[in-house]
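Novice: Below you'll find the structure I mean.
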Amino acid sequence: LCERICPYFAIEMRDKITFDPDLCSRCGLCVSKCPTGAIQMDLKEMNE
């Protein structure tokens with residue numbers, strides 16, 4: 001589910017969740033929509 005939420009395809013499920021920071025726009029959509037709360041974002045990094 002989480003990988004389908006990301007419009008930038010930055011999240012991929014394999015044996016575990018993989019994340020590509022180069023594709024991420026830091027929109028926070030994955031964090032707000034993940035039903036299990038498995039994804040977190042560091043607000044300090046977002047503001048840099």
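Chain lettering (A, B, ...) mirrors the order of the structure tokens, residue numbering begins at 1 for each chain separately, and ligand numbering begins at 1 in order of display.
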Please identify the helix (DSSP H, G or I) residues within chain A (assignment by DSSP from backbone atoms) and present them as a PyMOL selection string.
Specialist: chain A and resi 2-5+29-33+43-46
Novice: For range 23-36 of chain A, find every residue with an atom within 7 Å (counting only C-alpha atoms), except residues of its own chain fewer than 2 positions away, and show them as a short mmCIF file (atom, residue, chain, number, x, y, z; two decimals) with N, CA and C atoms, in the first residue's frame.
Specialist:
```
data_model
loop_
_atom_site.label_atom_id
_atom_site.label_comp_id
_atom_site.auth_asym_id
_atom_site.auth_seq_id
_atom_site.Cartn_x
_atom_site.Cartn_y
_atom_site.Cartn_z
N CYS A 2 1.86 1.32 0.86
CA CYS A 2 2.67 2.54 0.97
C CYS A 2 3.37 2.89 -0.34
N ILE A 5 1.13 4.76 -2.71
CA ILE A 5 0.78 6.11 -2.28
C ILE A 5 1.74 7.14 -2.87
N CYS A 6 3.01 6.80 -2.98
CA CYS A 6 4.04 7.76 -3.40
C CYS A 6 3.92 8.08 -4.89
N TYR A 8 5.97 9.73 -6.59
CA TYR A 8 7.31 9.86 -7.16
C TYR A 8 8.06 8.52 -7.21
N PHE A 9 7.37 7.44 -6.82
CA PHE A 9 7.93 6.08 -6.86
C PHE A 9 9.22 5.96 -6.04
N ALA A 10 9.28 6.68 -4.92
CA ALA A 10 10.46 6.66 -4.07
C ALA A 10 10.45 5.49 -3.09
N ASP A 20 14.15 5.59 -1.87
CA ASP A 20 15.14 6.29 -2.70
C ASP A 20 15.03 7.79 -2.42
N PRO A 21 15.94 8.36 -1.64
CA PRO A 21 15.86 9.78 -1.30
C PRO A 21 16.01 10.70 -2.50
N ALA A 38 4.27 3.11 9.63
CA ALA A 38 5.61 2.55 9.44
C ALA A 38 6.60 3.56 8.86
N ILE A 39 6.10 4.64 8.29
CA ILE A 39 6.97 5.62 7.64
C ILE A 39 6.97 6.90 8.47
N GLN A 40 8.16 7.38 8.75
CA GLN A 40 8.31 8.64 9.49
C GLN A 40 9.26 9.54 8.72
N MET A 41 9.11 10.82 8.91
CA MET A 41 9.96 11.78 8.22
C MET A 41 10.56 12.73 9.24
N MET A 46 13.51 18.03 6.35
CA MET A 46 12.58 18.63 5.40
C MET A 46 12.83 20.12 5.25
#
```
Novice: For Glu3 in chain A, list every protein, DNA or RNA residue within 7 Å, evaluated using only C-alpha atoms, and leave out those in the same chain fewer than 4 positions away; present the list as a VMD selection string.
Specialist: chain A and resid 9 11 to 13
Novice: For the structure I just gave you, how does DSSP split chain A - specifically, which residues are strand (DSSP E)? Reply as a PyMOL selection string.
Specialist: chain A and resi 11-13+17-19
Novice: Kindly save the residues from that selection, with C-alpha atoms included, as a compact mmCIF listing (two decimals), in the first residue's frame.
Specialist:
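Written out: part.txt:
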```txt
# COMPACT_ATOMS: atom_id res chain seq x y z
CA ILE A 11 9.18 3.70 -2.02
CA GLU A 12 9.53 0.09 -3.11
CA MET A 13 8.61 -3.15 -1.35
CA ILE A 17 10.62 -1.29 2.41
CA THR A 18 13.30 0.48 0.40
CA PHE A 19 13.39 4.23 -0.02
```
